[in-house]
$ cat data-v4.txt   # compact mmCIF, C-alpha atoms
# COMPACT_ATOMS: atom_id res chain seq x y z
CA MET A 1 0.00 0.00 0.00
CA SER A 2 1.43 3.36 -0.93
CA VAL A 3 1.99 6.06 1.63
CA ILE A 4 -0.41 8.94 1.16
CA GLY A 5 0.73 12.30 2.45
CA VAL A 6 -1.20 14.97 4.25
CA VAL A 7 -3.61 16.97 2.17
CA SER A 8 -5.09 20.35 2.75
CA CYS A 9 -8.77 19.71 3.20
CA SER A 10 -10.69 22.91 3.70
CA CYS A 11 -13.90 21.08 4.49
CA LEU A 12 -15.74 23.85 6.26
CA CYS A 13 -19.05 25.16 5.02
CA PRO A 14 -19.00 28.27 2.86
CA GLY A 15 -18.34 31.27 5.03
CA VAL A 16 -17.06 29.36 8.07
CA TRP A 17 -13.44 30.05 7.20
CA LEU A 18 -14.25 33.77 7.16
CA LEU A 19 -15.02 33.72 10.88
CA ASN A 20 -12.57 35.18 13.34
CA PRO A 21 -10.16 32.33 14.26
CA GLY A 22 -10.97 32.86 17.92
CA VAL A 23 -14.58 31.86 17.31
CA GLN A 24 -13.42 28.44 16.16
CA LYS A 25 -11.39 27.68 19.27
CA MET A 26 -12.44 26.15 22.53
CA SER A 27 -10.97 27.80 25.62
CA SER A 28 -7.49 26.80 26.81
CA PHE A 29 -7.60 23.48 24.97
CA GLY A 30 -7.51 25.27 21.64
CA LEU A 31 -9.89 22.84 19.94
CA HIS A 32 -10.40 24.09 16.41
CA THR A 33 -14.15 23.46 16.35
CA ALA A 34 -15.61 24.34 12.98
CA ALA A 35 -19.27 25.18 12.49
CA ARG A 36 -21.43 22.31 11.36
CA CYS A 37 -21.37 21.44 7.68
CA ALA A 38 -24.04 19.81 5.57
CA ALA A 39 -25.35 16.38 6.60
CA LYS A 40 -22.67 13.68 6.62
CA ASP A 41 -19.89 16.21 6.11
CA TYR A 42 -19.41 16.88 9.82
CA TYR A 43 -19.72 14.85 13.01
CA GLU A 44 -19.16 15.78 16.59
CA VAL A 45 -17.22 12.53 17.03
CA LEU A 46 -15.55 10.82 14.09
CA VAL A 47 -14.08 7.35 14.66
CA LEU A 48 -11.53 5.93 12.24
CA GLY A 49 -11.67 2.13 12.25
CA GLY A 50 -14.33 -0.48 12.92
CA GLY A 51 -12.24 -2.92 14.92
CA ALA A 52 -12.55 -3.60 18.65
CA GLY A 53 -11.43 -0.11 19.72
CA GLY A 54 -13.43 1.75 17.11
CA ILE A 55 -16.72 -0.04 17.75
CA ALA A 56 -16.35 0.10 21.53
CA MET A 57 -15.66 3.82 21.48
CA SER A 58 -18.43 4.60 19.00
CA ALA A 59 -20.88 2.86 21.36
CA ARG A 60 -19.60 4.92 24.27
CA MET A 61 -19.68 8.17 22.27
CA LYS A 62 -23.23 7.48 21.12
CA ARG A 63 -24.34 7.63 24.74
CA LYS A 64 -22.51 10.94 25.22
CA VAL A 65 -23.47 12.95 22.15
CA GLY A 66 -26.25 10.99 20.44
CA ALA A 67 -26.07 8.46 17.61
CA GLY A 68 -26.59 11.02 14.85
CA ASN A 69 -23.49 12.90 15.95
CA VAL A 70 -21.14 9.92 15.69
CA ALA A 71 -19.71 8.28 12.57
CA VAL A 72 -17.35 5.34 12.01
CA VAL A 73 -15.17 5.13 8.90
CA GLU A 74 -14.61 1.46 8.06
CA PRO A 75 -14.47 -0.26 4.64
CA SER A 76 -14.72 -3.88 5.84
CA LYS A 77 -18.01 -5.76 5.60
CA THR A 78 -17.12 -8.23 8.36
CA HIS A 79 -15.95 -7.70 11.93
CA TYR A 80 -13.71 -10.44 13.33
CA TYR A 81 -12.96 -11.44 16.89
CA GLN A 82 -9.35 -12.19 16.06
CA PRO A 83 -8.26 -13.71 19.41
CA LEU A 84 -10.30 -16.76 18.41
CA TRP A 85 -8.00 -17.44 15.45
CA THR A 86 -5.48 -19.17 17.72
CA LEU A 87 -8.09 -21.84 18.37
CA VAL A 88 -9.23 -21.86 14.72
CA GLY A 89 -5.67 -22.57 13.58
CA GLY A 90 -5.49 -25.37 16.13
CA GLY A 91 -8.78 -26.91 15.02
CA ALA A 92 -10.60 -26.15 18.29
CA LYS A 93 -12.97 -23.53 16.83
CA GLN A 94 -14.56 -22.80 13.46
CA LEU A 95 -13.57 -19.67 11.54
CA ALA A 96 -17.23 -18.74 11.06
CA ALA A 97 -17.58 -18.31 14.83
CA SER A 98 -15.07 -15.45 14.77
CA GLY A 99 -16.90 -13.17 12.33
CA ARG A 100 -20.12 -11.17 12.22
CA PRO A 101 -21.45 -8.67 9.68
CA MET A 102 -20.04 -5.21 10.41
CA GLY A 103 -23.52 -3.76 10.37
CA SER A 104 -24.56 -6.03 13.23
CA VAL A 105 -21.88 -4.69 15.59
CA MET A 106 -22.15 -1.05 14.55
CA PRO A 107 -24.09 0.82 17.29
CA LYS A 108 -27.64 1.49 16.15
CA GLY A 109 -28.06 4.95 14.66
CA VAL A 110 -24.34 5.64 14.36
CA GLU A 111 -23.36 6.52 10.79
CA TRP A 112 -21.26 3.84 9.11
CA ILE A 113 -19.12 5.45 6.41
CA LYS A 114 -18.12 2.53 4.18
CA SER A 115 -14.89 3.99 2.93
CA ARG A 116 -11.17 4.11 3.68
CA VAL A 117 -9.26 7.03 5.18
CA THR A 118 -6.54 8.28 2.84
CA ALA A 119 -5.28 11.36 4.72
CA LEU A 120 -5.64 13.23 8.01
CA ASP A 121 -5.45 17.00 8.41
CA PRO A 122 -5.77 17.61 12.16
CA ASP A 123 -4.96 21.31 11.76
CA LYS A 124 -8.28 21.69 9.93
CA ASN A 125 -10.19 18.95 11.81
CA CYS A 126 -10.68 17.04 8.62
CA VAL A 127 -10.02 13.66 7.01
CA ARG A 128 -10.06 12.70 3.36
CA LEU A 129 -11.62 9.43 2.19
CA GLU A 130 -10.69 7.26 -0.77
CA ASN A 131 -13.59 8.54 -2.87
CA ASP A 132 -12.08 12.04 -2.47
CA THR A 133 -14.75 13.20 -0.08
CA LYS A 134 -13.90 15.11 3.08
CA VAL A 135 -15.37 14.75 6.54
CA SER A 136 -14.76 17.18 9.37
CA TYR A 137 -15.11 16.62 13.09
CA LYS A 138 -15.03 18.20 16.51
CA TYR A 139 -13.35 15.17 18.12
CA LEU A 140 -11.43 12.44 16.35
CA ILE A 141 -10.78 8.92 17.66
CA VAL A 142 -8.15 6.97 15.71
CA ALA A 143 -8.54 3.20 15.97
CA LEU A 144 -7.01 2.01 12.72
CA GLY A 145 -5.32 -1.13 14.00
CA ILE A 146 -2.08 -2.56 12.64
CA ASN A 147 -1.04 -3.65 9.14
CA LEU A 148 0.28 -7.10 8.26
CA HIS A 149 3.25 -7.24 5.90
CA TYR A 150 3.66 -10.76 4.59
CA GLU A 151 5.19 -9.22 1.47
CA LYS A 152 8.26 -8.19 3.46
CA ILE A 153 9.20 -11.87 3.63
CA LYS A 154 10.58 -13.01 0.26
CA GLY A 155 8.33 -15.69 -1.22
CA LEU A 156 5.18 -14.51 0.54
CA PRO A 157 2.26 -14.18 0.36
CA GLU A 158 2.31 -16.39 -2.76
CA GLY A 159 3.92 -19.14 -0.71
CA PHE A 160 0.60 -19.76 1.02
CA ASN A 161 -0.61 -21.39 -2.20
CA HIS A 162 1.65 -24.31 -1.30
CA PRO A 163 0.90 -26.90 1.40
CA LYS A 164 2.57 -27.18 4.82
CA ILE A 165 2.40 -23.44 5.55
CA GLY A 166 -0.12 -21.31 7.40
CA SER A 167 -0.58 -18.22 9.56
CA ASN A 168 -3.11 -17.54 12.29
CA TYR A 169 -2.84 -13.78 11.74
CA SER A 170 -4.98 -13.52 8.61
CA VAL A 171 -8.52 -14.65 7.85
CA HIS A 172 -7.16 -15.89 4.51
CA THR A 173 -4.47 -18.14 6.00
CA VAL A 174 -5.67 -19.27 9.43
CA GLU A 175 -7.44 -22.36 8.09
CA LYS A 176 -4.27 -23.24 6.19
CA THR A 177 -2.59 -23.58 9.59
CA TRP A 178 -5.09 -26.26 10.65
CA LYS A 179 -4.65 -28.05 7.32
CA ALA A 180 -0.85 -28.02 7.67
CA LEU A 181 -1.16 -29.25 11.24
CA GLN A 182 -3.36 -32.17 10.21
CA ASP A 183 -1.24 -33.08 7.17
CA PHE A 184 2.08 -33.01 9.03
CA LYS A 185 3.99 -36.28 8.76
CA GLU A 186 7.53 -35.69 9.98
CA GLY A 187 10.45 -33.26 10.14
CA ASN A 188 10.85 -29.72 11.41
CA ALA A 189 7.76 -27.87 12.57
CA ILE A 190 8.84 -24.22 12.67
CA PHE A 191 7.02 -21.35 14.37
CA THR A 192 8.25 -17.78 13.84
CA PHE A 193 8.23 -14.38 15.56
CA PRO A 194 9.20 -11.31 13.46
CA ASN A 195 11.55 -8.44 14.16
CA THR A 196 8.71 -5.88 14.45
CA PRO A 197 5.95 -4.96 16.90
CA VAL A 198 3.12 -7.50 16.66
CA LYS A 199 -0.40 -7.82 17.94
CA CYS A 200 -0.84 -10.49 20.59
CA ALA A 201 2.80 -11.34 21.09
CA GLY A 202 1.89 -14.65 22.71
CA ALA A 203 -0.01 -15.99 19.70
CA PRO A 204 3.06 -17.28 17.81
CA GLN A 205 3.71 -19.59 20.77
CA LYS A 206 0.11 -20.62 21.36
CA ILE A 207 -0.23 -22.43 18.05
CA MET A 208 3.09 -24.16 18.73
CA TYR A 209 1.79 -25.61 22.02
CA LEU A 210 -1.48 -26.64 20.37
CA SER A 211 0.48 -28.36 17.59
CA ASP A 212 2.52 -30.25 20.17
CA ALA A 213 -0.68 -31.35 21.92
CA TYR A 214 -2.36 -32.39 18.66
CA TRP A 215 0.60 -34.48 17.51
CA ARG A 216 0.84 -36.18 20.89
CA LYS A 217 -2.82 -37.05 20.60
CA THR A 218 -2.43 -38.40 17.05
CA GLY A 219 0.84 -40.25 17.67
CA LYS A 220 3.01 -38.00 15.47
CA ARG A 221 4.92 -36.11 18.14
CA SER A 222 7.98 -38.41 18.03
CA LYS A 223 8.40 -37.53 14.35
CA ALA A 224 8.27 -33.77 14.93
CA ASN A 225 11.18 -31.50 15.74
CA ILE A 226 9.36 -28.43 17.03
CA MET A 227 11.32 -25.19 16.68
CA PHE A 228 10.44 -21.69 17.86
CA ASN A 229 12.56 -19.23 15.89
CA THR A 230 12.08 -15.82 17.45
CA SER A 231 13.70 -12.47 16.72
CA LEU A 232 13.55 -11.68 20.43
CA GLY A 233 16.15 -12.49 23.05
CA VAL A 234 13.59 -13.82 25.55
CA ILE A 235 10.63 -16.17 25.32
CA PHE A 236 8.23 -13.61 26.88
CA GLY A 237 8.62 -10.06 28.14
CA VAL A 238 7.38 -10.64 31.70
CA LYS A 239 9.77 -12.77 33.76
CA LYS A 240 7.13 -14.53 35.87
CA TYR A 241 5.39 -15.91 32.79
CA ALA A 242 8.62 -16.41 30.86
CA ASP A 243 9.87 -18.72 33.59
CA ALA A 244 6.64 -20.71 33.46
CA LEU A 245 6.78 -20.97 29.66
CA LEU A 246 10.38 -22.16 29.73
CA GLU A 247 9.27 -25.00 31.98
CA VAL A 248 6.56 -25.93 29.48
CA ILE A 249 9.09 -25.76 26.63
CA LYS A 250 11.53 -27.99 28.50
CA GLU A 251 8.81 -30.49 29.37
CA ARG A 252 7.55 -30.63 25.77
CA ASN A 253 11.06 -30.91 24.29
CA ILE A 254 10.74 -27.80 22.11
CA ALA A 255 13.82 -26.10 20.66
CA VAL A 256 14.01 -22.31 20.95
CA ASN A 257 16.34 -20.30 18.71
CA TYR A 258 16.63 -16.67 19.76
CA LYS A 259 17.51 -13.71 17.53
CA ARG A 260 16.34 -15.51 14.38
CA ASN A 261 14.21 -13.52 11.93
CA LEU A 262 12.38 -15.10 8.99
CA VAL A 263 13.45 -13.36 5.76
CA GLU A 264 12.46 -15.82 3.02
CA VAL A 265 10.16 -18.76 2.39
CA ARG A 266 10.90 -21.16 -0.47
CA ALA A 267 7.54 -22.86 -0.33
CA ASP A 268 8.15 -25.08 -3.36
CA LYS A 269 11.15 -26.62 -1.57
CA GLN A 270 9.68 -26.33 1.96
CA GLU A 271 12.62 -24.20 3.06
CA ALA A 272 12.61 -21.29 5.51
CA VAL A 273 15.50 -18.82 5.57
CA PHE A 274 16.36 -16.98 8.78
CA GLU A 275 18.70 -14.10 9.45
CA ASN A 276 20.85 -14.31 12.57
CA LEU A 277 20.24 -10.92 14.18
CA ASP A 278 23.37 -11.27 16.29
CA LYS A 279 25.39 -11.62 13.09
CA PRO A 280 23.79 -9.33 10.45
CA GLY A 281 23.91 -10.75 6.96
CA GLU A 282 24.38 -14.31 8.16
CA THR A 283 21.51 -16.63 7.25
CA GLU A 284 20.54 -20.22 7.88
CA VAL A 285 18.16 -22.46 5.97
CA HIS A 286 15.80 -24.97 7.58
CA GLN A 287 13.71 -27.60 5.83
CA TYR A 288 10.20 -27.79 7.22
CA GLY A 289 7.34 -30.25 7.39
CA MET A 290 5.16 -27.44 8.73
CA LEU A 291 5.71 -23.69 8.94
CA HIS A 292 3.63 -21.17 10.89
CA VAL A 293 4.42 -17.59 9.90
CA THR A 294 3.89 -14.57 12.10
CA PRO A 295 4.22 -11.68 9.62
CA PRO A 296 6.12 -8.43 10.12
CA MET A 297 3.68 -5.71 11.14
CA GLY A 298 3.59 -1.95 11.09
CA PRO A 299 1.37 1.12 11.44
CA PRO A 300 -1.44 1.78 8.95
CA ALA A 301 -0.09 3.40 5.78
CA VAL A 302 -2.23 6.49 6.25
CA LEU A 303 -0.49 7.24 9.55
CA ILE A 304 3.05 7.06 8.18
CA ASN A 305 4.41 10.61 7.81
CA SER A 306 1.13 11.95 9.15
CA PRO A 307 1.12 14.98 11.50
CA VAL A 308 -0.59 12.83 14.17
CA SER A 309 2.13 10.16 14.22
CA ASP A 310 5.56 9.71 15.75
CA GLU A 311 8.70 9.09 13.69
CA ALA A 312 7.91 5.37 13.37
CA GLY A 313 4.38 6.03 12.09
CA TRP A 314 2.39 5.14 15.22
CA LEU A 315 -0.28 7.50 16.55
CA ASP A 316 1.47 9.72 19.10
CA VAL A 317 -0.65 9.75 22.25
CA ASP A 318 -0.10 10.34 25.94
CA LYS A 319 0.39 6.90 27.50
CA GLU A 320 -1.81 7.70 30.52
CA THR A 321 -4.72 9.60 28.98
CA LEU A 322 -4.67 8.39 25.33
CA GLN A 323 -5.07 12.02 24.23
CA HIS A 324 -2.87 13.12 21.34
CA LYS A 325 0.29 14.91 22.45
CA LYS A 326 -0.18 17.82 20.02
CA TYR A 327 -3.85 17.87 19.02
CA PRO A 328 -6.10 17.89 22.12
CA ASN A 329 -9.24 16.92 20.20
CA VAL A 330 -7.58 13.80 18.74
CA PHE A 331 -7.45 10.53 20.66
CA GLY A 332 -6.18 7.03 19.99
CA ILE A 333 -6.88 3.47 21.05
CA GLY A 334 -5.52 0.05 20.26
CA ASP A 335 -2.85 -1.32 17.96
CA CYS A 336 -2.24 1.87 15.93
CA THR A 337 -0.97 3.82 18.93
CA ASN A 338 2.57 4.12 20.29
CA LEU A 339 1.50 3.06 23.78
CA PRO A 340 4.40 1.03 25.21
CA THR A 341 2.37 -2.07 26.01
CA SER A 342 1.37 -5.26 24.20
CA LYS A 343 -1.20 -4.88 21.46
CA THR A 344 -4.14 -7.07 22.52
CA ALA A 345 -7.94 -6.95 22.71
CA ALA A 346 -7.62 -6.95 26.49
CA ALA A 347 -5.53 -3.79 26.28
CA VAL A 348 -8.23 -2.22 24.10
CA ALA A 349 -10.83 -3.03 26.76
CA ALA A 350 -8.83 -1.31 29.49
CA GLN A 351 -7.98 1.61 27.22
CA SER A 352 -11.64 2.13 26.29
CA GLY A 353 -12.61 2.80 29.90
CA VAL A 354 -9.80 5.31 30.36
CA LEU A 355 -10.42 7.01 27.02
CA ASP A 356 -14.11 7.34 27.81
CA LYS A 357 -13.24 9.31 30.96
CA THR A 358 -10.59 11.35 29.12
CA ILE A 359 -12.98 12.46 26.39
CA SER A 360 -15.74 13.21 28.89
CA LEU A 361 -13.48 15.64 30.73
CA VAL A 362 -12.13 17.23 27.54
CA MET A 363 -15.71 17.77 26.37
CA LYS A 364 -16.28 19.65 29.65
CA ASN A 365 -13.14 21.68 29.05
CA GLN A 366 -11.39 19.95 31.94
CA LEU A 367 -8.02 18.22 32.18
CA PRO A 368 -8.02 14.41 31.85
CA ALA A 369 -7.56 12.67 35.19
CA LYS A 370 -8.05 8.92 34.65
CA LYS A 371 -4.73 7.19 34.00
CA TYR A 372 -4.09 4.06 31.92
CA ASP A 373 -1.51 1.86 33.63
CA GLY A 374 -0.64 -0.15 30.53
CA TYR A 375 -2.81 -3.11 31.51
CA THR A 376 -2.85 -5.87 28.96
CA SER A 377 -3.54 -9.57 29.01
CA CYS A 378 -2.36 -12.59 27.06
CA PRO A 379 -4.09 -15.92 27.72
CA LEU A 380 -1.20 -18.23 26.79
CA VAL A 381 -2.85 -21.39 25.46
CA THR A 382 -0.54 -24.29 26.29
CA SER A 383 -2.82 -27.17 25.23
CA TYR A 384 -6.41 -27.87 24.26
CA ASN A 385 -7.59 -27.43 27.84
CA LYS A 386 -5.00 -25.30 29.66
CA VAL A 387 -3.98 -21.65 29.73
CA ILE A 388 -1.45 -19.52 31.57
CA LEU A 389 -3.20 -16.18 32.04
CA ALA A 390 -0.59 -13.44 31.73
CA GLU A 391 -1.70 -9.98 32.86
CA PHE A 392 0.74 -7.12 33.27
CA ASP A 393 1.34 -3.35 33.12
CA TYR A 394 3.65 -0.83 31.47
CA ASN A 395 6.51 -1.93 33.70
CA ALA A 396 6.17 -5.59 32.65
CA GLN A 397 5.00 -6.37 36.16
CA PRO A 398 2.16 -8.84 36.77
CA LEU A 399 -1.21 -7.11 37.26
CA GLU A 400 -3.36 -10.13 37.93
CA THR A 401 -7.12 -10.29 38.32
CA PHE A 402 -7.48 -13.49 40.31
CA PRO A 403 -6.04 -14.22 43.79
CA ILE A 404 -4.18 -17.29 42.51
CA ASP A 405 -0.85 -17.92 40.82
CA GLN A 406 -1.73 -17.19 37.21
CA SER A 407 1.61 -18.48 35.94
CA LYS A 408 0.24 -22.01 36.45
CA GLU A 409 -1.48 -23.83 33.59
CA ARG A 410 -5.19 -24.01 34.43
CA VAL A 411 -8.28 -25.57 32.86
CA THR A 412 -10.46 -22.76 34.23
CA MET A 413 -8.38 -20.16 32.39
CA TYR A 414 -8.76 -22.11 29.13
CA HIS A 415 -12.54 -21.99 29.42
CA MET A 416 -12.32 -18.27 30.14
CA LYS A 417 -10.26 -17.82 26.95
CA ALA A 418 -12.37 -20.10 24.75
CA ASP A 419 -15.86 -19.41 26.05
CA MET A 420 -16.21 -16.47 28.41
CA MET A 421 -14.03 -13.89 26.64
CA PRO A 422 -15.81 -14.19 23.26
CA PHE A 423 -19.11 -13.61 25.08
CA LEU A 424 -17.72 -10.55 26.87
CA TYR A 425 -16.29 -9.26 23.60
CA TRP A 426 -19.51 -9.39 21.58
CA ASN A 427 -21.91 -8.45 24.38
CA ALA A 428 -19.96 -6.05 26.57
CA LEU A 429 -16.80 -4.60 24.98
CA LEU A 430 -18.30 -3.81 21.58
CA LYS A 431 -21.35 -2.30 23.26
CA GLY A 432 -19.16 0.01 25.32
CA TYR A 433 -19.80 -1.59 28.71
CA TRP A 434 -16.55 -3.50 29.34
CA GLY A 435 -13.57 -1.43 30.42
CA GLY A 436 -11.28 -4.26 31.44
CA PRO A 437 -11.11 -6.27 34.66
CA ALA A 438 -9.95 -3.51 37.04
CA PRO A 439 -13.23 -3.25 39.03
CA PHE A 440 -13.52 -7.05 39.23
CA ARG A 441 -9.87 -7.28 40.29
CA LYS A 442 -10.53 -4.90 43.18
CA LEU A 443 -13.54 -6.92 44.32
CA MET A 444 -11.61 -10.18 44.14
CA HIS A 445 -8.74 -8.87 46.21
CA LEU A 446 -10.91 -6.96 48.68
CA GLY A 447 -12.63 -10.26 49.39
CA LEU A 448 -9.37 -11.60 50.75
CA LYS A 449 -8.95 -8.83 53.32
$ encode --input "data-v4.txt" --output "structure tokens"
Amino acid sequence: MSVIGVVSCSCLCPGVWLLNPGVQKMSSFGLHTAARCAAKDYYEVLVLGGGAGGIAMSARMKRKVGAGNVAVVEPSKTHYYQPLWTLVGGGAKQLAASGRPMGSVMPKGVEWIKSRVTALDPDKNCVRLENDTKVSYKYLIVALGINLHYEKIKGLPEGFNHPKIGSNYSVHTVEKTWKALQDFKEGNAIFTFPNTPVKCAGAPQKIMYLSDAYWRKTGKRSKANIMFNTSLGVIFGVKKYADALLEVIKERNIAVNYKRNLVEVRADKQEAVFENLDKPGETEVHQYGMLHVTPPMGPPAVLINSPVSDEAGWLDVDKETLQHKKYPNVFGIGDCTNLPTSKTAAAVAAQSGVLDKTISLVMKNQLPAKKYDGYTSCPLVTSYNKVILAEFDYNAQPLETFPIDQSKERVTMYHMKADMMPFLYWNALLKGYWGGPAPFRKLMHLGLK
């Protein structure tokens, strides 16, 4: 996708730009609030993105300013609950269970603009869409997610047309993972982690543990040499859970190769080429009987070189309030932001509660007070009935909900991952009622005092 630069979009109604600039500002916050344009040209709250963060925030904003004053820009026809894809790739869930029509999750009465954002002009409170129309706003919420870049690996994505290769990160390739898992006969089973930020950093391991469990069940495990080739120098970023995972890895006889980054797939020969990050330019080739690819990822193209982004292309927001550092009427949530925490749906849930409070105060011309602590969660699936529930904050310190040792593999946590969380997602988060487990955590721990 090409990078589209900033455009000048003077999308105010005729005569508005003739007003004294002071009339268009809002007190000390300096919100450049333009007068209302014609129908569908202006919204009090404009949300970019119809993923978890975008839908959750549009539901919350609807209750604040009314459905007719909120719009969501999203080109996709289907909304996916992507955390389920780990279980789809492992054969434990059906892909159909992860998707619903976008219209069914869009808050009733909120305008769904079925288009793609091609440029942002925050200085004029305006965005440009792919059909060359312009929409202005009073408040902007950016929830554009993260882009997958299979094409940055030589031989992909065309390599997915061959057998023995899959990826749980795309709706187009997740079922190929299950097929490759079932068809595996012998040899190296390789699972990769790229040298970029990724969403759900535990997912590349989860499918590896499920594969191990499946092959044990089907009598193929003795013929599999399971390898986790990761660009990182550790198995997981939080020591408590890393230690637990290393025990699982030792017990399951899994080989871990650190500082290895997938750079090429020769799918016709079933060969994967890895760069040794400790020795730049040095590569090694592994034959595979199964390959699971976690693709390089990056910010949405429209954010790269945008005035709302940092140098790397991520939306530049305050890590405690989620308000933009330069534009006080712009806010961000989820994977597209530069928040220094893992990019997960659980993080989006916690962020949505904080952002709701932030915007409420900004709308009242007050300073944001609620602070996001970086809470995120990663239910680390270690088999078809066990999960290590990792929960932690900005400091990579455990921030656990339950008064138990969550670094232990537990059946109860698996059922929470497989059954309870999808229910909460569809019926609470997307409807703007679930702001993460913080209140429940307090109740659980107060009960022990």
$ residues_around --input "data-v4.txt" --residues "Glu282 in chain A" --least-positions-apart "3" --cutoff "12 Å" --atoms "all atoms listed in the file" --output "mmCIF file with C-alpha atoms, keeping the file's coordinate frame"
data_model
loop_
_atom_site.group_PDB
_atom_site.id
_atom_site.type_symbol
_atom_site.label_atom_id
_atom_site.label_comp_id
_atom_site.auth_asym_id
_atom_site.auth_seq_id
_atom_site.Cartn_x
_atom_site.Cartn_y
_atom_site.Cartn_z
ATOM 1 C CA LYS A 259 17.510 -13.710 17.530
ATOM 2 C CA ARG A 260 16.340 -15.510 14.380
ATOM 3 C CA ASN A 261 14.210 -13.520 11.930
ATOM 4 C CA VAL A 263 13.450 -13.360 5.760
ATOM 5 C CA VAL A 273 15.500 -18.820 5.570
ATOM 6 C CA PHE A 274 16.360 -16.980 8.780
ATOM 7 C CA GLU A 275 18.700 -14.100 9.450
ATOM 8 C CA ASN A 276 20.850 -14.310 12.570
ATOM 9 C CA LEU A 277 20.240 -10.920 14.180
ATOM 10 C CA ASP A 278 23.370 -11.270 16.290
ATOM 11 C CA LYS A 279 25.390 -11.620 13.090
ATOM 12 C CA VAL A 285 18.160 -22.460 5.970
#
$ residues_around --input "data-v4.txt" --residues "range 249-254 of chain A" --least-positions-apart "4" --cutoff "12 Å" --atoms "only C-alpha atoms" --output "PyMOL selection string"
chain A and resi 188-191+205-206+208-213+215-216+221-222+224-229+235+242-245+382-383
$ atom_distance --input "data-v4.txt" --atom1 "CA of Gly99 in chain A" --atom2 "CA of Pro194 in chain A"
26.2 Å
$ closest_residue --input "data-v4.txt" --among "A:Phe236, A:Tyr258, A:Phe184, A:Tyr241" --to "Gly219 in chain A" --atoms "only C-alpha atoms"
A:Phe184
$ residues_around --input "data-v4.txt" --residues "range 43-49 of chain A" --least-positions-apart "3" --cutoff "8 Å" --atoms "all atoms listed in the file" --output "PDB file with C-alpha atoms, in the frame of the given file"
ATOM      1  CA  ARG A  36     -21.430  22.310  11.360  1.00  0.00           C
ATOM      2  CA  LYS A  40     -22.670  13.680   6.620  1.00  0.00           C
ATOM      3  CA  GLY A  53     -11.430  -0.110  19.720  1.00  0.00           C
ATOM      4  CA  GLY A  54     -13.430   1.750  17.110  1.00  0.00           C
ATOM      5  CA  ILE A  55     -16.720  -0.040  17.750  1.00  0.00           C
ATOM      6  CA  MET A  57     -15.660   3.820  21.480  1.00  0.00           C
ATOM      7  CA  SER A  58     -18.430   4.600  19.000  1.00  0.00           C
ATOM      8  CA  MET A  61     -19.680   8.170  22.270  1.00  0.00           C
ATOM      9  CA  VAL A  65     -23.470  12.950  22.150  1.00  0.00           C
ATOM     10  CA  ASN A  69     -23.490  12.900  15.950  1.00  0.00           C
ATOM     11  CA  VAL A  70     -21.140   9.920  15.690  1.00  0.00           C
ATOM     12  CA  ALA A  71     -19.710   8.280  12.570  1.00  0.00           C
ATOM     13  CA  VAL A  72     -17.350   5.340  12.010  1.00  0.00           C
ATOM     14  CA  VAL A  73     -15.170   5.130   8.900  1.00  0.00           C
ATOM     15  CA  GLU A  74     -14.610   1.460   8.060  1.00  0.00           C
ATOM     16  CA  VAL A 117      -9.260   7.030   5.180  1.00  0.00           C
ATOM     17  CA  VAL A 135     -15.370  14.750   6.540  1.00  0.00           C
ATOM     18  CA  SER A 136     -14.760  17.180   9.370  1.00  0.00           C
ATOM     19  CA  TYR A 137     -15.110  16.620  13.090  1.00  0.00           C
ATOM     20  CA  LYS A 138     -15.030  18.200  16.510  1.00  0.00           C
ATOM     21  CA  TYR A 139     -13.350  15.170  18.120  1.00  0.00           C
ATOM     22  CA  LEU A 140     -11.430  12.440  16.350  1.00  0.00           C
ATOM     23  CA  ILE A 141     -10.780   8.920  17.660  1.00  0.00           C
ATOM     24  CA  VAL A 142      -8.150   6.970  15.710  1.00  0.00           C
ATOM     25  CA  ALA A 143      -8.540   3.200  15.970  1.00  0.00           C
ATOM     26  CA  LEU A 144      -7.010   2.010  12.720  1.00  0.00           C
ATOM     27  CA  GLY A 145      -5.320  -1.130  14.000  1.00  0.00           C
TER      28      GLY A 145
END
$ atom_distance --input "data-v4.txt" --atom1 "CA of Val362 in chain A" --atom2 "CA of Gln323 in chain A"
9.4 Å
$ atom_distance --input "data-v4.txt" --atom1 "CA of Val293 in chain A" --atom2 "CA of Gly166 in chain A"
6.4 Å
